[in-house]
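I have placed the structure first, in the form of structure tokens, so that the comments after it can refer back to it.
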Amino acid sequence: MNKEQIESLGDNHIATSIETPMLANAFDKSDDEKIENIQHYFSLIMRELGLDLSDDSLSGTPYRVAKMYVKELFYGLDPKNKPKLSTFENKYEYKKMLIEQNITIDSSCEHHFLPIMGHAHVAYIPKKRVIGLSKINRLVDYYAHRPQVQERLSVQILKDLQNALETEDVIVMICAKHLCVSSRGIKDKDSLTTTIDYGGCFEDKDYRDEFLNTVNNQII
């Protein structure tokens with residue numbers, strides 16, 4: 001792939017699967033081994049940029065970046081960190097829409113490793129099962145903390161909730177600012193990207209409108 005193709009790909013949200021592309025041996029190394037290796041290679045990047053790593057302000061940066069990548073920004077790559085989506089019998093027979101909105105999105109663009117910041121709004125209509133509200137937030141946070149494409153992030157959240165709740169009646173909307181748009185390339189500071197995915201009853205416009213009207217009228 002030449003430089004022109006690489007640049008073109010990076011400016012388009014192309015994804016080959018709803019699964020995050022991962023190597024088969026992605027978890028053969030421990031977190032400590034990954035941190036040590038990333039620390040080494042990031043120090044090389046800094047030196048190539050001409051930075052003096054003997055300076056007190058910079059000497060610890062390679063380690064801090066490596067730890068941040070493995071333990072914080074991209075902790076969602078490791079399946080062992082996936083939250084358990086415990087559900088409960090819908091004993092009170094609540095059958096109306098339940099919306100969890102303004103869930104913080106703190107992710108990273110997989111094309112440039114720059115931040116994606118915004119909010120997710122998630123709704124479902126319970127059937128036999130319901131889920132604790134914090135579990136929705138934890139699921140969003142888990143999938144957001146990996147190199148992402150916003151379209152894929154929306155679908156990953158949707159599919160997991162549909163499986164856990166045993167219903168297709170789920171809708172996910174994400175509105176986010178991409179620093180790969182605002183701090184490089186076109187450098188548009190004000191634009192937002194919105195993605196929406198849904199299934200079941202939300203294929204019906206009336207249900208979607210109820211969700212969208214509620215979210216749009218109550219965004220804080």
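Each chain of the structure tokens is named A, B, ... in the order shown, its residues numbered from 1; ligands are numbered from 1 in display order.
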Next on the checklist: For the structure I just gave you, how does DSSP split range 44-110 of chain A - specifically, which residues are strand (DSSP E)? Reply as a count of residues only.
Outcome noted: 15
Which polymer residues have any atom within 10 Å of an atom of Lys189 in chain A, counting only C-alpha atoms, with same-chain residues fewer than 4 positions away left out, as a CSV table (one decimal) with C-alpha atoms, in the first residue's frame?
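That gives us part-v8.csv:
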chain,number,residue,atom,x,y,z
A,177,LYS,CA,-16.0,14.9,18.1
A,178,HIS,CA,-13.0,13.4,16.3
A,179,LEU,CA,-9.7,15.1,16.9
A,181,VAL,CA,-10.9,15.9,12.0
A,182,SER,CA,-10.5,18.9,14.3
A,183,SER,CA,-6.7,18.9,14.9
A,184,ARG,CA,-5.4,17.7,11.6
Next on the checklist: Just the number, please: distance in Å from CA of Arg208 in chain A to CA of Ser86 in chain A, one decimal.
Outcome noted: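 Separating CA of Arg208 in chain A from CA of Ser86 in chain A is a distance of 26.1 Å.
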Checklist entry - Residues at most 12 Å from Glu19 in chain A, counting only C-alpha atoms, excluding those fewer than 2 positions away in the same chain, as a PyMOL selection string? => result chain A and resi 15-17+21-23+77+143+146-149+151-157+159-160
Checklist outcome for this item: Residue with the minimum atom-to-atom distance to Asn90 in chain A, picked from A:Glu110, A:Glu203, A:Glu166, A:Asp28 with only C-alpha atoms counted, is A:Glu166
Checklist entry - Can you list every residue in range 38-136 of chain A that DSSP puts in alpha helix (DSSP H), as JSON, numbers by chain? => result {"A": [38, 39, 40, 41, 42, 43, 44, 45, 46, 47, 48, 61, 62, 63, 64, 65, 66, 67, 133, 134, 135, 136]}
Saved selection, atoms kept: C-alpha atoms, as a compact mmCIF listing (two decimals), in the first residue's frame:
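Done, and the output landed in part-v3.txt:
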# COMPACT_ATOMS: atom_id res chain seq x y z
CA ILE A 38 5.93 -0.15 23.99
CA GLN A 39 8.15 1.89 26.29
CA HIS A 40 11.18 0.90 24.22
CA TYR A 41 9.58 1.70 20.87
CA PHE A 42 8.01 4.95 22.01
CA SER A 43 11.37 6.16 23.24
CA LEU A 44 12.66 5.54 19.69
CA ILE A 45 9.79 7.63 18.30
CA MET A 46 10.63 10.47 20.66
CA ARG A 47 14.31 10.34 19.72
CA GLU A 48 13.42 10.40 16.02
CA THR A 61 7.33 9.76 29.18
CA PRO A 62 7.88 6.46 27.28
CA TYR A 63 6.87 4.45 30.34
CA ARG A 64 3.88 6.66 31.10
CA VAL A 65 2.64 6.41 27.51
CA ALA A 66 3.12 2.63 27.45
CA LYS A 67 1.24 2.14 30.71
CA LEU A 133 -28.30 0.72 34.33
CA SER A 134 -24.59 0.87 35.20
CA LYS A 135 -23.98 -2.22 33.07
CA ILE A 136 -24.93 -0.26 29.96
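For the atom pair formed by CA of Gly76 in chain A and CA of Met173 in chain A, the distance is 19.7 Å, given to one decimal.
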